[in-house]
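Reproduced below: start01.cif, with mmCIF, C-alpha atoms.
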data_model
loop_
_atom_site.group_PDB
_atom_site.id
_atom_site.type_symbol
_atom_site.label_atom_id
_atom_site.label_comp_id
_atom_site.auth_asym_id
_atom_site.auth_seq_id
_atom_site.Cartn_x
_atom_site.Cartn_y
_atom_site.Cartn_z
ATOM 1 C CA MET A 1 -54.994 85.229 -9.775
ATOM 2 C CA GLN A 2 -52.048 83.771 -11.632
ATOM 3 C CA VAL A 3 -50.944 80.183 -11.391
ATOM 4 C CA SER A 4 -47.236 79.705 -10.897
ATOM 5 C CA PRO A 5 -45.303 77.660 -13.476
ATOM 6 C CA LYS A 6 -44.572 75.103 -10.753
ATOM 7 C CA THR A 7 -48.294 74.650 -10.024
ATOM 8 C CA LYS A 8 -49.088 74.397 -13.752
ATOM 9 C CA LYS A 9 -46.486 71.656 -14.112
ATOM 10 C CA ALA A 10 -47.947 69.735 -11.162
ATOM 11 C CA LYS A 11 -51.444 69.927 -12.685
ATOM 12 C CA VAL A 12 -50.177 68.669 -16.034
ATOM 13 C CA GLU A 13 -48.322 65.800 -14.386
ATOM 14 C CA ASP A 14 -51.411 64.835 -12.370
ATOM 15 C CA SER A 15 -53.477 64.400 -15.520
ATOM 16 C CA ARG A 16 -50.930 62.282 -17.404
ATOM 17 C CA PRO A 17 -51.492 58.565 -17.688
ATOM 18 C CA VAL A 18 -49.305 56.248 -15.668
ATOM 19 C CA ALA A 19 -46.217 55.133 -17.570
ATOM 20 C CA GLY A 20 -45.769 51.544 -18.678
ATOM 21 C CA ARG A 21 -48.105 49.060 -20.171
ATOM 22 C CA PRO A 22 -51.297 48.051 -18.381
ATOM 23 C CA ARG A 23 -51.300 44.858 -16.343
ATOM 24 C CA ASN A 24 -52.611 41.757 -17.985
ATOM 25 C CA PRO A 25 -55.344 40.223 -15.774
ATOM 26 C CA GLU A 26 -54.481 36.786 -17.184
ATOM 27 C CA THR A 27 -51.005 37.099 -15.683
ATOM 28 C CA GLN A 28 -52.484 37.525 -12.230
ATOM 29 C CA LYS A 29 -54.699 34.478 -12.745
ATOM 30 C CA GLU A 30 -51.715 32.418 -13.843
ATOM 31 C CA ILE A 31 -49.686 33.512 -10.829
ATOM 32 C CA LEU A 32 -52.539 32.621 -8.453
ATOM 33 C CA LYS A 33 -52.919 29.269 -10.211
ATOM 34 C CA ALA A 34 -49.197 28.645 -9.739
ATOM 35 C CA ALA A 35 -49.505 29.585 -6.055
ATOM 36 C CA GLY A 36 -52.284 27.029 -5.602
ATOM 37 C CA GLU A 37 -50.208 24.379 -7.341
ATOM 38 C CA ILE A 38 -47.239 25.057 -5.075
ATOM 39 C CA LEU A 39 -49.450 24.906 -1.985
ATOM 40 C CA LEU A 40 -50.976 21.590 -3.002
ATOM 41 C CA ALA A 41 -47.761 19.963 -4.161
ATOM 42 C CA GLU A 42 -45.221 21.289 -1.671
ATOM 43 C CA GLY A 43 -47.030 23.038 1.166
ATOM 44 C CA TYR A 44 -47.211 26.575 2.464
ATOM 45 C CA ARG A 45 -43.553 26.920 3.425
ATOM 46 C CA ALA A 46 -42.528 26.235 -0.186
ATOM 47 C CA LEU A 47 -44.595 29.212 -1.349
ATOM 48 C CA THR A 48 -42.065 32.001 -1.826
ATOM 49 C CA MET A 49 -42.242 34.937 -4.196
ATOM 50 C CA GLU A 50 -39.180 33.610 -6.044
ATOM 51 C CA ARG A 51 -40.573 30.097 -6.468
ATOM 52 C CA LEU A 52 -43.920 31.537 -7.460
ATOM 53 C CA ALA A 53 -42.364 33.730 -10.155
ATOM 54 C CA SER A 54 -40.433 30.769 -11.520
ATOM 55 C CA ARG A 55 -43.486 28.463 -11.515
ATOM 56 C CA ALA A 56 -45.680 31.105 -13.197
ATOM 57 C CA GLY A 57 -42.994 31.944 -15.758
ATOM 58 C CA VAL A 58 -42.813 35.625 -14.830
ATOM 59 C CA GLY A 59 -40.188 37.869 -13.297
ATOM 60 C CA LYS A 60 -40.013 38.431 -9.550
ATOM 61 C CA THR A 61 -40.833 42.099 -10.113
ATOM 62 C CA THR A 62 -44.115 41.070 -11.752
ATOM 63 C CA VAL A 63 -45.060 39.196 -8.589
ATOM 64 C CA TYR A 64 -43.851 41.937 -6.226
ATOM 65 C CA ARG A 65 -45.748 44.619 -8.167
ATOM 66 C CA ARG A 66 -48.982 42.802 -7.461
ATOM 67 C CA TRP A 67 -48.286 41.618 -3.915
ATOM 68 C CA LYS A 68 -45.921 43.396 -1.557
ATOM 69 C CA CYS A 69 -45.969 40.532 0.937
ATOM 70 C CA MET A 70 -47.214 36.968 1.357
ATOM 71 C CA ALA A 71 -50.283 38.137 3.320
ATOM 72 C CA ASP A 72 -51.465 40.119 0.280
ATOM 73 C CA LEU A 73 -50.999 37.087 -1.938
ATOM 74 C CA VAL A 74 -52.837 34.822 0.505
ATOM 75 C CA SER A 75 -55.699 37.325 0.668
ATOM 76 C CA ASP A 76 -56.092 37.057 -3.100
ATOM 77 C CA LEU A 77 -55.829 33.262 -2.917
ATOM 78 C CA LEU A 78 -58.647 33.257 -0.360
ATOM 79 C CA ASP A 79 -60.718 35.537 -2.595
ATOM 80 C CA ALA A 80 -60.152 33.085 -5.454
ATOM 81 C CA ALA A 81 -61.132 30.166 -3.191
ATOM 82 C CA ASN A 82 -64.274 32.061 -2.170
ATOM 83 C CA SER A 83 -65.150 32.611 -5.842
ATOM 84 C CA ALA A 84 -64.524 28.967 -6.693
ATOM 85 C CA TRP A 85 -66.351 27.798 -3.555
ATOM 86 C CA PRO A 86 -69.290 30.173 -3.168
ATOM 87 C CA MET A 87 -71.359 30.018 -0.027
ATOM 88 C CA PRO A 88 -74.570 28.064 -0.500
ATOM 89 C CA GLN A 89 -77.862 29.808 -0.996
ATOM 90 C CA VAL A 90 -79.981 28.280 1.736
ATOM 91 C CA LYS A 91 -83.656 29.046 1.313
ATOM 92 C CA SER A 92 -85.495 26.009 2.572
ATOM 93 C CA GLU A 93 -87.811 25.885 5.549
ATOM 94 C CA ASN A 94 -86.296 22.667 6.834
ATOM 95 C CA ILE A 95 -83.126 22.278 8.901
ATOM 96 C CA THR A 96 -82.408 18.836 7.481
ATOM 97 C CA GLU A 97 -82.423 20.194 3.941
ATOM 98 C CA ASP A 98 -80.392 23.249 5.014
ATOM 99 C CA LEU A 99 -77.703 21.020 6.545
ATOM 100 C CA ARG A 100 -77.688 18.774 3.464
ATOM 101 C CA THR A 101 -77.170 21.854 1.291
ATOM 102 C CA LEU A 102 -74.341 22.991 3.548
ATOM 103 C CA TYR A 103 -72.745 19.528 3.445
ATOM 104 C CA ARG A 104 -73.049 19.238 -0.365
ATOM 105 C CA ASN A 105 -71.491 22.677 -0.716
ATOM 106 C CA TRP A 106 -68.626 21.631 1.528
ATOM 107 C CA ILE A 107 -67.996 18.442 -0.489
ATOM 108 C CA SER A 108 -68.135 20.376 -3.754
ATOM 109 C CA GLY A 109 -65.784 23.061 -2.465
ATOM 110 C CA MET A 110 -63.245 20.605 -1.122
ATOM 111 C CA SER A 111 -63.049 18.853 -4.477
ATOM 112 C CA GLY A 112 -62.807 22.126 -6.391
ATOM 113 C CA GLY A 113 -61.368 25.543 -5.661
ATOM 114 C CA GLY A 114 -61.174 24.975 -1.929
ATOM 115 C CA ARG A 115 -58.487 22.289 -2.017
ATOM 116 C CA ILE A 116 -55.924 24.808 -0.741
ATOM 117 C CA ILE A 117 -57.911 25.491 2.433
ATOM 118 C CA PRO A 118 -56.668 22.414 4.387
ATOM 119 C CA VAL A 119 -53.069 23.371 3.538
ATOM 120 C CA LEU A 120 -53.693 26.887 4.845
ATOM 121 C CA ILE A 121 -55.438 25.540 7.958
ATOM 122 C CA ALA A 122 -52.486 23.292 8.722
ATOM 123 C CA GLU A 123 -50.040 26.184 8.430
ATOM 124 C CA SER A 124 -52.271 28.548 10.395
ATOM 125 C CA VAL A 125 -51.695 26.454 13.515
ATOM 126 C CA GLN A 126 -48.206 27.995 13.695
ATOM 127 C CA ASN A 127 -48.791 31.214 11.752
ATOM 128 C CA ALA A 128 -51.016 33.730 13.549
ATOM 129 C CA GLU A 129 -51.174 36.174 10.632
ATOM 130 C CA LEU A 130 -52.328 33.440 8.275
ATOM 131 C CA ALA A 131 -54.809 32.151 10.867
ATOM 132 C CA SER A 132 -56.362 35.607 11.122
ATOM 133 C CA LEU A 133 -56.619 36.012 7.338
ATOM 134 C CA LEU A 134 -58.129 32.562 6.925
ATOM 135 C CA HIS A 135 -60.601 33.147 9.726
ATOM 136 C CA GLN A 136 -61.737 36.587 8.552
ATOM 137 C CA ARG A 137 -61.865 35.991 4.812
ATOM 138 C CA PHE A 138 -62.993 32.390 4.545
ATOM 139 C CA ILE A 139 -64.143 30.652 7.720
ATOM 140 C CA LEU A 140 -66.104 33.380 9.521
ATOM 141 C CA PRO A 141 -68.520 34.211 6.645
ATOM 142 C CA ARG A 142 -69.360 30.521 6.256
ATOM 143 C CA ARG A 143 -69.712 30.032 9.995
ATOM 144 C CA ARG A 144 -72.115 32.983 10.266
ATOM 145 C CA LEU A 145 -74.253 31.545 7.472
ATOM 146 C CA ALA A 146 -74.381 28.146 9.173
ATOM 147 C CA ILE A 147 -75.212 29.626 12.583
ATOM 148 C CA ALA A 148 -78.040 31.581 10.957
ATOM 149 C CA MET A 149 -79.434 28.266 9.643
ATOM 150 C CA ILE A 150 -79.634 26.888 13.175
ATOM 151 C CA ASP A 151 -81.151 30.134 14.467
ATOM 152 C CA ARG A 152 -83.853 30.031 11.753
ATOM 153 C CA ALA A 153 -84.597 26.402 12.685
ATOM 154 C CA LYS A 154 -84.953 27.473 16.331
ATOM 155 C CA ASP A 155 -87.381 30.221 15.259
ATOM 156 C CA ARG A 156 -89.410 27.635 13.288
ATOM 157 C CA GLY A 157 -89.471 25.267 16.271
ATOM 158 C CA GLU A 158 -87.426 22.540 14.547
ATOM 159 C CA VAL A 159 -84.607 22.871 17.054
ATOM 160 C CA SER A 160 -84.910 23.557 20.766
ATOM 161 C CA LYS A 161 -84.413 27.199 21.751
ATOM 162 C CA SER A 162 -81.878 25.981 24.320
ATOM 163 C CA VAL A 163 -79.481 24.747 21.591
ATOM 164 C CA ASP A 164 -76.315 26.819 21.389
ATOM 165 C CA SER A 165 -76.192 27.563 17.640
ATOM 166 C CA PRO A 166 -72.419 28.189 17.419
ATOM 167 C CA SER A 167 -71.668 24.951 19.281
ATOM 168 C CA ALA A 168 -74.128 22.967 17.165
ATOM 169 C CA ILE A 169 -72.588 24.186 13.936
ATOM 170 C CA ASP A 170 -69.079 23.614 15.281
ATOM 171 C CA MET A 171 -70.016 19.976 15.954
ATOM 172 C CA PHE A 172 -71.507 19.592 12.479
ATOM 173 C CA MET A 173 -68.642 21.280 10.624
ATOM 174 C CA GLY A 174 -66.022 19.842 12.967
ATOM 175 C CA ARG A 175 -66.919 16.335 11.848
ATOM 176 C CA MET A 176 -66.329 17.261 8.218
ATOM 177 C CA TRP A 177 -63.068 19.074 8.896
ATOM 178 C CA TYR A 178 -61.842 16.244 11.128
ATOM 179 C CA ARG A 179 -62.440 13.739 8.341
ATOM 180 C CA GLN A 180 -60.690 15.969 5.822
ATOM 181 C CA LEU A 181 -57.707 16.895 7.969
ATOM 182 C CA ALA A 182 -57.181 13.829 10.145
ATOM 183 C CA THR A 183 -58.637 10.718 8.547
ATOM 184 C CA GLY A 184 -58.976 11.664 4.902
#
Transcribe the structure of this file into structure tokens.
Amino acid sequence: MQVSPKTKKAKVEDSRPVAGRPRNPETQKEILKAAGEILLAEGYRALTMERLASRAGVGKTTVYRRWKCMADLVSDLLDAANSAWPMPQVKSENITEDLRTLYRNWISGMSGGGRIIPVLIAESVQNAELASLLHQRFILPRRRLAIAMIDRAKDRGEVSKSVDSPSAIDMFMGRMWYRQLATG
């Protein structure tokens, strides 16, 4: 069986490396850093691809090659916040210590890589797409971990079986978020 010249050409083209120079991972870090700075200094609505490119000292095409839309950029910002604010490893056999660990983690995260989260929460009130991203990629994993703490405490007999774990954790975390967002 002979291979047509057209097919041969397609096979050769498929095995060629992609043209252009490889992306510098430091550039992406710098752009994400600039995005966080814009969020903290000017708010979510100031975060545009053009302003981001200018702040990071790169061309708009560099930004658009990495992120086709703001949702893609925010997803990477949330991944960076998750890396900077890892979920706590809760291994105690005591609900009081588990909640202290959760609280310390929250305080540490809010003073570190998670400082952009309140800005994103504020904007998510009016931006359904952002609210969904924030919920799925940041809030929900932490909420599940916290609910599991209450459920383990119920299994150990430290907390009444009648306690609604999601409501209990909402009251605990709600206090912290209220202080952060409303009273400082």
Inset, instruction - Apply the PyMOL selection byres ((chain A and resi 87) around 9) to the structure shown and report the selected residues as number ranges by chain. - result: A: 82-83, 85-86, 88-90, 102, 105-106, 141-142, 145
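Put simply, atom CA of A:Phe138 is 28.3 Å away from atom CA of A:Thr61.
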Inset, instruction - Taking (-73.8, 29.4, 10.9) in the file's own coordinates, collect the residues within 12 Å, counting all atoms listed in the file, and hand them back as an NGL selection string. - result: :A and (87-88 or 90 or 95 or 98-99 or 102 or 139-153 or 164-173)
Go ahead and write the selection's residues with C-alpha atoms as a CSV table (one decimal), keeping the file's coordinate frame.
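Writing the result to again_37.csv gives the following:
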chain,number,residue,atom,x,y,z
A,87,MET,CA,-71.4,30.0,0.0
A,88,PRO,CA,-74.6,28.1,-0.5
A,90,VAL,CA,-80.0,28.3,1.7
A,95,ILE,CA,-83.1,22.3,8.9
A,98,ASP,CA,-80.4,23.2,5.0
A,99,LEU,CA,-77.7,21.0,6.5
A,102,LEU,CA,-74.3,23.0,3.5
A,139,ILE,CA,-64.1,30.7,7.7
A,140,LEU,CA,-66.1,33.4,9.5
A,141,PRO,CA,-68.5,34.2,6.6
A,142,ARG,CA,-69.4,30.5,6.3
A,143,ARG,CA,-69.7,30.0,10.0
A,144,ARG,CA,-72.1,33.0,10.3
A,145,LEU,CA,-74.3,31.5,7.5
A,146,ALA,CA,-74.4,28.1,9.2
A,147,ILE,CA,-75.2,29.6,12.6
A,148,ALA,CA,-78.0,31.6,11.0
A,149,MET,CA,-79.4,28.3,9.6
A,150,ILE,CA,-79.6,26.9,13.2
A,151,ASP,CA,-81.2,30.1,14.5
A,152,ARG,CA,-83.9,30.0,11.8
A,153,ALA,CA,-84.6,26.4,12.7
A,164,ASP,CA,-76.3,26.8,21.4
A,165,SER,CA,-76.2,27.6,17.6
A,166,PRO,CA,-72.4,28.2,17.4
A,167,SER,CA,-71.7,25.0,19.3
A,168,ALA,CA,-74.1,23.0,17.2
A,169,ILE,CA,-72.6,24.2,13.9
A,170,ASP,CA,-69.1,23.6,15.3
A,171,MET,CA,-70.0,20.0,16.0
A,172,PHE,CA,-71.5,19.6,12.5
A,173,MET,CA,-68.6,21.3,10.6
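Note that the spacing between atom CA of A:Gly109 and atom CA of A:Arg137 amounts to 15.3 Å.
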Inset, instruction - Apply the PyMOL selection byres ((chain A and resi 54-58) around 10) to the displayed file and report the matching residues as a ChimeraX atom specification. - result: /A:27-35,37-38,48-53,59-63
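The gap separating atom CA of A:Arg104 from atom CA of A:Arg156 is 22.9 Å, in Å to one decimal.
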Inset, instruction - Write out as JSON, numbers by chain which residues come within 10 Å of A:Met70 when counting all atoms listed in the file, dropping same-chain ones fewer than 2 positions away. - result: {"A": [47, 48, 49, 64, 67, 68, 72, 73, 74, 75, 76, 130]}
Let's have the selection written as a PDB file, in the coordinates of the input, with C-alpha atoms.
ATOM      1  CA  LEU A  47     -44.595  29.212  -1.349  1.00  0.00           C
ATOM      2  CA  THR A  48     -42.065  32.001  -1.826  1.00  0.00           C
ATOM      3  CA  MET A  49     -42.242  34.937  -4.196  1.00  0.00           C
ATOM      4  CA  TYR A  64     -43.851  41.937  -6.226  1.00  0.00           C
ATOM      5  CA  TRP A  67     -48.286  41.618  -3.915  1.00  0.00           C
ATOM      6  CA  LYS A  68     -45.921  43.396  -1.557  1.00  0.00           C
ATOM      7  CA  ASP A  72     -51.465  40.119   0.280  1.00  0.00           C
ATOM      8  CA  LEU A  73     -50.999  37.087  -1.938  1.00  0.00           C
ATOM      9  CA  VAL A  74     -52.837  34.822   0.505  1.00  0.00           C
ATOM     10  CA  SER A  75     -55.699  37.325   0.668  1.00  0.00           C
ATOM     11  CA  ASP A  76     -56.092  37.057  -3.100  1.00  0.00           C
ATOM     12  CA  LEU A 130     -52.328  33.440   8.275  1.00  0.00           C
TER      13      LEU A 130
END
Which residues are close to stretch 122-127 of chain A, i.e. within 7 Å by only C-alpha atoms, leaving aside same-chain residues fewer than 4 positions away? Reply as a PDB file with C-alpha atoms, keeping the file's coordinate frame.
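So the final result, stored in out.pdb, reads:
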ATOM      1  CA  TYR A  44     -47.211  26.575   2.464  1.00  0.00           C
ATOM      2  CA  PRO A 118     -56.668  22.414   4.387  1.00  0.00           C
ATOM      3  CA  ALA A 131     -54.809  32.151  10.867  1.00  0.00           C
TER       4      ALA A 131
END
Legend entry - Exercise: A:Gly36 partners within 9 Å, all atoms listed in the file, chain neighbours under 4 positions left out, as a ChimeraX atom specification: /A:31-32,40-41,77,115-116
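Of the residues under consideration (A:Val119, A:His135, A:Ser162, A:Gly184), A:Val119 shows the shortest atom-to-atom contact distance to A:Glu42 when counting all atoms listed in the file.
The nearest approach to A:Ala80 among the residues A:Pro25, A:Gly113, A:Gly43, A:Gly157, with only C-alpha atoms taken into account, belongs to A:Gly113.
Closest to A:Ile107 among A:Met176, A:Ile121, A:Cys69, A:Ala46 is A:Met176, based on all atoms listed in the file.
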